[in-house]
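Here is the file coords.tsv (TSV, C-alpha atoms).
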chain	number	residue	atom	x	y	z
A	1	MET	CA	0.00	0.00	0.00
A	2	HIS	CA	1.18	3.48	-0.91
A	3	VAL	CA	2.19	5.41	2.20
A	4	VAL	CA	1.64	9.12	2.65
A	5	ASP	CA	4.65	11.30	3.48
A	6	PRO	CA	4.40	11.85	7.27
A	7	HIS	CA	5.72	15.43	6.95
A	8	LEU	CA	2.97	16.28	4.47
A	9	LEU	CA	0.39	14.77	6.79
A	10	ARG	CA	1.77	16.69	9.78
A	11	ASP	CA	1.79	20.01	7.90
A	12	ALA	CA	-1.76	19.47	6.64
A	13	ARG	CA	-2.96	18.69	10.16
A	14	ALA	CA	-1.23	21.83	11.42
A	15	GLY	CA	-3.39	23.87	9.05
A	16	ASN	CA	-0.98	24.42	6.15
A	17	ARG	CA	-3.27	25.00	3.18
A	18	GLU	CA	-0.81	23.98	0.47
A	19	ALA	CA	-0.04	20.73	2.33
A	20	MET	CA	-3.77	20.04	2.67
A	21	ILE	CA	-4.31	20.55	-1.05
A	22	GLU	CA	-1.39	18.27	-1.89
A	23	LEU	CA	-2.69	15.61	0.52
A	24	LEU	CA	-6.19	15.74	-0.97
A	25	ARG	CA	-4.71	15.50	-4.46
A	26	GLN	CA	-2.90	12.30	-3.46
A	27	ILE	CA	-6.06	10.61	-2.18
A	28	GLU	CA	-8.50	11.93	-4.78
A	29	THR	CA	-7.99	9.14	-7.31
A	30	PRO	CA	-8.01	6.17	-4.87
A	31	VAL	CA	-11.15	7.59	-3.24
A	32	TYR	CA	-12.87	8.02	-6.61
A	33	ARG	CA	-11.87	4.50	-7.68
A	34	THR	CA	-13.52	2.90	-4.65
A	35	ALA	CA	-16.65	5.01	-5.04
A	36	TYR	CA	-16.85	4.31	-8.77
A	37	TYR	CA	-16.73	0.55	-8.38
A	38	LEU	CA	-18.96	0.49	-5.29
A	39	LEU	CA	-21.68	2.68	-6.79
A	40	GLY	CA	-21.25	1.70	-10.43
A	41	ASN	CA	-21.50	5.13	-12.06
A	42	GLU	CA	-19.44	8.27	-12.51
A	43	HIS	CA	-22.06	10.73	-11.31
A	44	ASP	CA	-22.58	9.18	-7.87
A	45	ALA	CA	-18.86	8.47	-7.59
A	46	LEU	CA	-18.03	12.16	-8.12
A	47	ASP	CA	-20.60	13.27	-5.55
A	48	VAL	CA	-19.31	10.84	-2.94
A	49	THR	CA	-15.67	11.65	-3.70
A	50	GLN	CA	-16.33	15.34	-3.16
A	51	GLU	CA	-18.11	14.61	0.11
A	52	ALA	CA	-15.28	12.30	1.24
A	53	LEU	CA	-12.60	14.89	0.44
A	54	LEU	CA	-14.58	17.48	2.36
A	55	ARG	CA	-14.79	15.14	5.38
A	56	VAL	CA	-11.06	14.47	5.27
A	57	PHE	CA	-10.52	18.23	5.13
A	58	MET	CA	-12.86	18.89	8.07
A	59	LYS	CA	-11.90	15.90	10.21
A	60	LEU	CA	-8.18	15.52	9.60
A	61	HIS	CA	-7.53	16.81	13.11
A	62	THR	CA	-9.44	13.79	14.52
A	63	TYR	CA	-7.31	11.29	12.57
A	64	GLU	CA	-5.13	9.29	14.96
A	65	GLU	CA	-1.90	7.93	13.63
A	66	LYS	CA	-2.61	4.48	15.02
A	67	ALA	CA	-4.41	3.69	11.79
A	68	HIS	CA	-2.81	3.97	8.34
A	69	PHE	CA	-3.93	7.17	6.71
A	70	HIS	CA	-5.18	5.37	3.59
A	71	THR	CA	-7.17	2.93	5.74
A	72	TRP	CA	-8.81	5.88	7.49
A	73	VAL	CA	-9.62	7.55	4.17
A	74	GLN	CA	-11.06	4.36	2.67
A	75	ARG	CA	-13.25	3.93	5.73
A	76	ILE	CA	-14.70	7.39	5.13
A	77	VAL	CA	-15.47	6.74	1.46
A	78	THR	CA	-16.85	3.21	1.94
A	79	ASN	CA	-19.15	4.45	4.72
A	80	LEU	CA	-20.45	7.25	2.49
A	81	CYS	CA	-21.07	4.79	-0.35
A	82	ILE	CA	-22.86	2.33	1.93
A	83	ASP	CA	-25.05	5.15	3.30
A	84	LEU	CA	-25.95	6.30	-0.21
A	85	TYR	CA	-26.62	2.74	-1.34
A	86	ARG	CA	-28.95	2.09	1.59
A	87	ARG	CA	-30.86	5.30	1.01
A	88	ARG	CA	-31.26	4.47	-2.67
A	89	HIS	CA	-32.42	0.94	-2.14
A	90	ALA	CA	-34.52	1.61	0.95
A	91	TYR	CA	-33.39	-1.68	2.42
A	92	THR	CA	-32.92	-2.35	6.08
A	93	ALA	CA	-29.29	-2.50	7.08
A	94	LEU	CA	-29.39	-6.26	7.46
A	95	GLU	CA	-30.83	-6.93	4.04
A	96	ALA	CA	-28.36	-4.63	2.38
A	97	LEU	CA	-25.41	-6.28	4.05
A	98	ASP	CA	-26.49	-9.91	3.91
A	99	GLY	CA	-28.59	-10.10	0.77
A	100	ALA	CA	-26.78	-12.22	-1.79
A	101	LEU	CA	-28.44	-10.56	-4.79
A	102	PRO	CA	-29.15	-6.96	-3.91
A	103	ASP	CA	-30.47	-5.63	-7.17
A	104	ALA	CA	-29.99	-8.06	-10.04
A	105	SER	CA	-33.68	-8.84	-10.10
A	106	ARG	CA	-34.62	-5.17	-10.02
A	107	VAL	CA	-32.97	-4.23	-13.23
A	108	GLU	CA	-35.74	-3.30	-15.59
A	109	ASP	CA	-33.76	-2.75	-18.72
A	110	GLU	CA	-33.25	-6.00	-20.59
A	111	VAL	CA	-30.15	-4.73	-22.36
A	112	GLU	CA	-28.62	-3.82	-19.06
A	113	ARG	CA	-29.43	-7.27	-17.73
A	114	ARG	CA	-27.51	-8.90	-20.59
A	115	ASP	CA	-24.56	-6.61	-19.85
A	116	LEU	CA	-24.70	-7.61	-16.19
A	117	ALA	CA	-23.81	-11.16	-17.11
A	118	ALA	CA	-21.30	-10.12	-19.74
A	119	ASP	CA	-18.85	-8.13	-17.77
A	120	VAL	CA	-16.71	-8.56	-14.66
A	121	LYS	CA	-17.60	-5.07	-13.52
A	122	ALA	CA	-21.29	-5.81	-13.74
A	123	ALA	CA	-20.79	-9.15	-11.98
A	124	ILE	CA	-19.12	-7.32	-9.08
A	125	HIS	CA	-22.24	-5.20	-8.87
A	126	ARG	CA	-24.38	-8.28	-8.30
A	127	LEU	CA	-22.42	-9.16	-5.14
A	128	SER	CA	-23.71	-8.21	-1.72
A	129	LEU	CA	-22.48	-4.85	-0.53
A	130	HIS	CA	-19.92	-6.27	1.90
A	131	GLN	CA	-18.57	-8.77	-0.63
A	132	ARG	CA	-18.29	-6.04	-3.24
A	133	THR	CA	-16.49	-3.71	-0.84
A	134	VAL	CA	-13.99	-6.39	0.12
A	135	VAL	CA	-13.29	-7.21	-3.55
A	136	ILE	CA	-12.76	-3.52	-4.36
A	137	LEU	CA	-10.41	-2.93	-1.43
A	138	ARG	CA	-8.44	-6.06	-2.31
A	139	TYR	CA	-8.16	-5.48	-6.06
A	140	LEU	CA	-8.51	-1.73	-6.67
A	141	GLN	CA	-6.68	-0.57	-3.53
A	142	GLY	CA	-4.33	-3.54	-3.13
A	143	PHE	CA	-5.17	-3.85	0.58
A	144	SER	CA	-4.20	-6.88	2.68
A	145	TYR	CA	-6.75	-8.93	4.65
A	146	GLN	CA	-5.78	-6.99	7.79
A	147	GLU	CA	-6.08	-3.58	6.13
A	148	ILE	CA	-9.54	-4.49	4.80
A	149	ALA	CA	-10.52	-5.66	8.29
A	150	ASP	CA	-9.37	-2.27	9.65
A	151	VAL	CA	-11.36	-0.31	7.06
A	152	LEU	CA	-14.58	-2.24	7.60
A	153	ASN	CA	-14.10	-2.88	11.30
A	154	LEU	CA	-14.65	-6.61	10.75
A	155	PRO	CA	-12.82	-9.67	12.11
A	156	LEU	CA	-10.08	-11.01	9.82
A	157	ASN	CA	-11.92	-14.29	9.24
A	158	THR	CA	-15.07	-12.46	8.16
A	159	VAL	CA	-13.06	-10.51	5.61
A	160	LYS	CA	-11.58	-13.73	4.20
A	161	SER	CA	-14.97	-15.36	4.11
A	162	HIS	CA	-16.50	-12.40	2.21
A	163	LEU	CA	-13.61	-12.37	-0.26
A	164	PHE	CA	-13.56	-16.14	-0.83
A	165	ARG	CA	-17.33	-16.36	-1.28
A	166	ALA	CA	-17.30	-13.38	-3.61
A	167	ARG	CA	-14.69	-14.99	-5.85
A	168	GLN	CA	-16.46	-18.34	-5.72
A	169	GLN	CA	-19.69	-16.61	-6.79
A	170	LEU	CA	-18.01	-14.49	-9.47
A	171	GLN	CA	-16.29	-17.44	-11.13
A	172	VAL	CA	-19.65	-19.26	-11.32
A	173	TRP	CA	-21.42	-16.23	-12.82
A	174	LEU	CA	-18.66	-15.60	-15.32
A	175	GLN	CA	-18.53	-19.30	-16.23
A	176	ASP	CA	-22.31	-19.28	-16.87
A	177	HIS	CA	-21.78	-16.31	-19.11
A	178	VAL	CA	-19.15	-18.13	-21.18
A	179	LYS	CA	-21.41	-21.19	-21.58
A	180	GLY	CA	-24.42	-19.03	-22.47
A	181	GLY	CA	-22.34	-17.04	-24.93
A	182	ILE	CA	-21.49	-20.07	-27.08
A	183	GLY	CA	-25.10	-20.84	-27.96
A	184	GLY	CA	-26.39	-17.32	-28.26
B	1	MET	CA	-5.05	-31.83	1.92
B	2	ASN	CA	-8.60	-32.75	0.96
B	3	CYS	CA	-10.70	-30.81	-1.58
B	4	ASP	CA	-12.20	-28.46	1.06
B	5	GLU	CA	-8.79	-27.57	2.45
B	6	VAL	CA	-7.50	-27.06	-1.06
B	7	MET	CA	-10.39	-24.72	-1.88
B	8	GLU	CA	-9.29	-22.46	0.96
B	9	ALA	CA	-5.64	-22.83	-0.03
B	10	MET	CA	-6.41	-21.90	-3.65
B	11	GLN	CA	-8.21	-18.77	-2.48
B	12	ARG	CA	-5.38	-17.76	-0.16
B	13	ASP	CA	-2.88	-18.49	-2.91
B	14	LEU	CA	-4.56	-15.82	-5.07
B	15	ASP	CA	-3.73	-13.32	-2.33
B	16	GLY	CA	-0.14	-14.51	-1.88
B	17	ASP	CA	-1.04	-15.73	1.59
B	18	LEU	CA	0.37	-19.31	1.43
B	19	THR	CA	3.66	-20.46	2.89
B	20	ALA	CA	5.95	-22.41	0.56
B	21	GLU	CA	5.01	-25.62	2.39
B	22	GLU	CA	1.24	-24.98	2.08
B	23	ARG	CA	1.66	-24.21	-1.59
B	24	ARG	CA	3.63	-27.42	-2.15
B	25	ARG	CA	0.89	-29.47	-0.46
B	26	MET	CA	-1.80	-27.74	-2.54
B	27	GLN	CA	0.08	-28.53	-5.73
B	28	ILE	CA	0.40	-32.20	-4.78
B	29	HIS	CA	-3.39	-32.35	-4.44
B	30	LEU	CA	-3.91	-30.51	-7.73
B	31	ARG	CA	-1.73	-33.06	-9.58
B	32	HIS	CA	-4.18	-35.81	-8.66
B	33	CYS	CA	-7.61	-34.11	-8.42
B	34	PRO	CA	-9.61	-33.70	-11.64
B	35	ASP	CA	-12.23	-31.53	-9.86
B	36	CYS	CA	-9.95	-28.96	-8.30
B	37	VAL	CA	-7.71	-28.30	-11.31
B	38	PRO	CA	-10.32	-26.57	-13.52
B	39	LEU	CA	-11.66	-24.66	-10.53
B	40	TYR	CA	-8.15	-23.43	-9.72
B	41	ALA	CA	-7.76	-22.31	-13.35
B	42	ARG	CA	-11.10	-20.43	-13.26
B	43	LEU	CA	-10.24	-18.71	-9.97
B	44	ARG	CA	-6.86	-17.63	-11.29
B	45	ARG	CA	-8.46	-16.31	-14.47
B	46	LEU	CA	-11.03	-14.41	-12.41
B	47	SER	CA	-8.38	-12.98	-10.11
B	48	SER	CA	-6.35	-11.77	-13.06
B	49	LYS	CA	-9.48	-10.13	-14.56
B	50	LEU	CA	-10.09	-8.37	-11.25
B	51	GLU	CA	-6.47	-7.21	-11.14
B	52	ASN	CA	-6.89	-5.78	-14.63
B	53	LEU	CA	-10.08	-3.82	-14.00
B	54	PRO	CA	-9.68	-0.31	-15.45
B	55	LYS	CA	-7.92	1.98	-12.98
B	56	VAL	CA	-10.51	4.72	-13.43
B	57	GLU	CA	-9.59	8.34	-12.72
B	58	PRO	CA	-11.93	11.21	-11.89
B	59	PRO	CA	-12.76	13.17	-15.08
B	60	CYS	CA	-11.74	16.42	-13.40
B	61	SER	CA	-9.92	17.33	-10.21
B	62	LEU	CA	-12.37	17.71	-7.34
B	63	VAL	CA	-9.68	19.16	-5.12
B	64	ASP	CA	-9.50	22.15	-7.45
B	65	ALA	CA	-13.24	22.65	-7.14
B	66	LEU	CA	-13.08	22.28	-3.38
B	67	LEU	CA	-9.99	24.33	-2.60
B	68	PRO	CA	-8.86	26.28	-5.65
B	69	ARG	CA	-5.31	27.59	-5.45
B	70	GLY	CA	-5.18	31.31	-4.92
B	71	ALA	CA	-8.95	31.92	-4.93
B	72	VAL	CA	-9.87	35.62	-4.87
B	73	LEU	CA	-13.04	36.86	-3.16
B	74	SER	CA	-15.16	39.61	-4.67
B	75	PRO	CA	-15.41	42.78	-2.52
B	76	ASP	CA	-18.90	41.87	-1.28
B	77	GLY	CA	-17.80	38.28	-0.53
B	78	GLN	CA	-20.47	36.88	-2.86
B	79	TRP	CA	-18.12	35.34	-5.46
B	80	ARG	CA	-14.87	33.43	-5.32
B	81	ALA	CA	-12.74	33.43	-8.48
B	82	ALA	CA	-10.00	30.89	-9.11
B	83	VAL	CA	-7.95	29.32	-11.89
B	84	VAL	CA	-8.58	25.60	-12.18
B	85	ALA	CA	-6.87	22.92	-14.26
B	86	GLU	CA	-9.19	20.71	-16.28
B	87	GLY	CA	-8.11	18.01	-18.70
B	88	GLY	CA	-4.90	19.61	-20.01
B	89	ALA	CA	-6.20	23.19	-19.98
B	90	LYS	CA	-6.77	25.97	-17.48
B	91	ARG	CA	-9.77	28.16	-17.09
B	92	VAL	CA	-11.13	30.78	-14.76
B	93	VAL	CA	-14.07	29.60	-12.65
B	94	VAL	CA	-16.21	31.68	-10.32
B	95	HIS	CA	-18.10	30.01	-7.48
B	96	ASP	CA	-20.84	31.52	-5.37
B	97	ALA	CA	-20.78	31.56	-1.59
B	98	ALA	CA	-22.52	28.17	-1.49
B	99	GLY	CA	-19.75	26.61	-3.60
B	100	ALA	CA	-21.72	26.27	-6.85
B	101	ALA	CA	-19.86	27.16	-10.06
B	102	ARG	CA	-21.57	30.22	-11.56
B	103	PHE	CA	-19.17	31.10	-14.36
B	104	ARG	CA	-16.63	29.14	-16.39
B	105	GLY	CA	-14.27	30.99	-18.69
B	106	HIS	CA	-12.82	29.86	-22.02
B	107	ALA	CA	-10.01	27.28	-22.08
B	108	LEU	CA	-6.52	28.70	-21.61
B	109	SER	CA	-3.13	27.22	-22.39
B	110	PRO	CA	-1.95	25.04	-19.46
B	111	ASP	CA	1.18	27.18	-19.03
B	112	ALA	CA	-0.61	30.54	-19.22
B	113	ARG	CA	0.03	32.88	-16.25
B	114	VAL	CA	-3.27	34.21	-14.97
B	115	THR	CA	-3.86	37.03	-12.50
B	116	LEU	CA	-7.29	37.78	-11.08
B	117	GLN	CA	-8.69	40.97	-9.64
B	118	TRP	CA	-12.15	42.28	-8.88
B	119	GLU	CA	-13.38	45.68	-10.04
B	120	GLY	CA	-16.58	45.99	-8.08
B	121	ASN	CA	-18.60	42.95	-9.02
B	122	ALA	CA	-16.81	42.47	-12.33
B	123	LEU	CA	-13.88	40.08	-12.45
B	124	VAL	CA	-10.96	41.19	-14.59
B	125	TYR	CA	-8.24	38.72	-15.46
B	126	ASP	CA	-4.98	38.99	-17.31
B	127	VAL	CA	-3.59	36.08	-19.27
B	128	VAL	CA	0.07	36.02	-20.24
B	129	THR	CA	1.03	33.31	-22.72
B	130	ALA	CA	4.47	32.61	-24.12
B	131	GLN	CA	4.48	31.87	-27.85
B	132	ASP	CA	7.62	31.42	-29.98
B	133	GLY	CA	9.68	33.11	-27.29
B	134	ARG	CA	7.38	36.15	-27.16
B	135	GLU	CA	4.85	36.89	-24.50
B	136	THR	CA	1.33	37.96	-25.37
B	137	ALA	CA	-1.00	39.50	-22.82
B	138	GLU	CA	-4.78	39.56	-22.90
B	139	ARG	CA	-7.23	41.12	-20.51
B	140	TRP	CA	-10.73	39.72	-20.01
B	141	ARG	CA	-13.69	41.07	-18.11
B	142	VAL	CA	-16.34	38.74	-16.64
B	143	ASN	CA	-19.92	39.64	-15.87
B	144	VAL	CA	-20.60	36.87	-13.38
B	145	ALA	CA	-24.33	37.51	-12.97
B	146	ALA	CA	-24.83	37.34	-16.75
B	147	GLY	CA	-22.37	34.44	-17.15
B	148	THR	CA	-20.49	36.24	-19.95
B	149	GLU	CA	-16.93	37.39	-20.57
B	150	GLU	CA	-15.44	39.81	-23.09
B	151	ARG	CA	-11.91	40.54	-24.18
B	152	LEU	CA	-10.84	44.09	-23.41
B	153	PRO	CA	-8.82	46.19	-25.82
B	154	GLU	CA	-5.02	46.19	-25.47
B	155	ARG	CA	-3.77	47.95	-22.40
B	156	PRO	CA	-1.79	51.05	-23.25
B	157	HIS	CA	1.84	50.62	-22.16
B	158	PRO	CA	2.60	52.62	-19.03

Entire entry expressed as structure tokens:
Amino acid sequence: MHVVDPHLLRDARAGNREAMIELLRQIETPVYRTAYYLLGNEHDALDVTQEALLRVFMKLHTYEEKAHFHTWVQRIVTNLCIDLYRRRHAYTALEALDGALPDASRVEDEVERRDLAADVKAAIHRLSLHQRTVVILRYLQGFSYQEIADVLNLPLNTVKSHLFRARQQLQVWLQDHVKGGIGG
Amino acid sequence: MNCDEVMEAMQRDLDGDLTAEERRRMQIHLRHCPDCVPLYARLRRLSSKLENLPKVEPPCSLVDALLPRGAVLSPDGQWRAAVVAEGGAKRVVVHDAAGAARFRGHALSPDARVTLQWEGNALVYDVVTAQDGRETAERWRVNVAAGTEERLPERPHP
């Protein structure tokens, strides 16, 4: 995992505006990447990224150096995405987190449904919210099991179980797609 | 290792989490198990697809929108003018007090030097661009409320 220059972090926390801007520039792309893959579209991802950057700006003084800075930042953006997702889908927290197929059945557009099966990105979107988050932190942020556990505040074994089940599910979905693609 | 243990080992292997000894034992199983071999191949293919997902970038810098460098407030504090970088160009953007962009100027060369100043509620900006070793200067006036800008005639040399 990329590590932020501790001097830059210290200056930004001390209120140095140029250091703050530089710090936000360094995290802008990783924050956007997580939001983009969690929410599945550019518009929502930009909104959430802006909100996350604003929170980092406002709350940097509360950041404690026990946690890695990037872990702290990813916690902020994943929480914002999960909040937005829950509001959109009007699910209870439990359904949103444990449901295996959050929205695949809700897709009205037939073309979109065909794309869902066709593409890895769309397949990720069929995962439950926690499985999707773990996959994104592992593959788009390059986080270790422990770092993912820190971001999501979950036990290590739960992280592994989410990741392993997600990959098991994804390889089945993508295999179905290959089989279906030969005939049609 | 039995098939269940190997399933877990295959998954951990994708994350580089196996010791050399665990990996050796997994491979012994894979040499003899017709069920696990294709699964291992599919998981590795999937993992490589996930590793190769497009590393998307934001289409414009949000930091610039949030905290523009050298932003200049209008005398009544209603507007905040700044130079922002967008996709290989620069432009002058004016935000209102709530942070909404109310005016966006024309695209400027990325290495143009821009200075901003307010004359009442009109924003005036100078653009100095180097071309073929010579510098050219332009002066623009922005009517923020109308969302328009006009180029002013050449400044007389002092």

*Taking (-10.7, -13.1, -13.0) in the file's own coordinates, collect the residues within 12 Å, counting all atoms listed in the file, and hand them back as a ChimeraX atom specification.*
/A:119-121,123-124,135,139,166-175 /B:14,39-53

*asked:* Using all atoms listed in the file, I'd like every residue of chain A that has an atom within 9 Å of chain B; please write them out as a VMD selection string.
replied: chain A and resid 17 to 18 21 to 22 24 to 25 28 to 30 32 to 33 36 42 45 to 46 49 to 50 53 to 54 120 to 121 135 to 136 138 to 140 144 to 145 160 163 to 164 167 to 168 170 to 172 174 to 175

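Residue nearest A:Arg75 within the list A:Arg13, A:Arg55, A:His43, A:Arg132: A:Arg55 [criterion: smallest interatomic distance, only C-alpha atoms].
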
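Residues lying within 10 Å of (-18.5, 2.3, 3.0). Counted over only C-alpha atoms, they are Thr34, Ala35, Leu38, Gln74, Arg75, Ile76, Val77, Thr78, Asn79, Leu80, Cys81, Ile82, Asp83, Leu84, Tyr85, Leu129, His130, Thr133, Val151 and Leu152 of chain A.
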
_Long-range neighbours of B:Pro110 as an MDAnalysis selection string, 7 Å cut-off, all atoms listed in the file, 5 positions minimum in chain_ = chainID B and resid 88:90

*In Å, rounded to a single decimal, give me how far atom CA of B:Ala82 is from atom CA of A:Ala12.*
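Separation of atom CA of A:Ala12 and atom CA of B:Ala82: 21.1 Å.
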
*asked:* Let me make sure I understand: among A:Val31, A:Leu9, A:Leu39, A:Leu127, which one has the smallest atom-to-atom distance to A:Glu51 if we use all atoms listed in the file?
replied: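 The shortest atom-to-atom distance to A:Glu51 comes from A:Val31.
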
*So how many Å separate atom CA of B:Asp76 and atom CA of B:Gly105, to one decimal?*
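Interatomic distance, atom CA of B:Asp76 to atom CA of B:Gly105: 21.0 Å.
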
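Here the question is which of A:Ala19, A:Ala14, A:Ile148, A:Leu8 gets nearest to A:Thr62 using all atoms listed in the file, and that residue is A:Ala14.
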
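Taking atom CA of B:Pro153 as the reference point, atom CA of B:Gly77 is found at 28.0 Å.
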
Contact residues around B:Gln27 with all atoms listed in the file at 10 Å, ignoring same-chain residues under 6 positions, as a PDB file with C-alpha atoms, in the frame of the given file:
ATOM      1  CA  MET B   1      -5.050 -31.830   1.920  1.00  0.00           C
ATOM      2  CA  VAL B   6      -7.500 -27.060  -1.060  1.00  0.00           C
ATOM      3  CA  ALA B   9      -5.640 -22.830  -0.030  1.00  0.00           C
ATOM      4  CA  MET B  10      -6.410 -21.900  -3.650  1.00  0.00           C
ATOM      5  CA  GLU B  21       5.010 -25.620   2.390  1.00  0.00           C
ATOM      6  CA  CYS B  33      -7.610 -34.110  -8.420  1.00  0.00           C
ATOM      7  CA  VAL B  37      -7.710 -28.300 -11.310  1.00  0.00           C
TER       8      VAL B  37
END
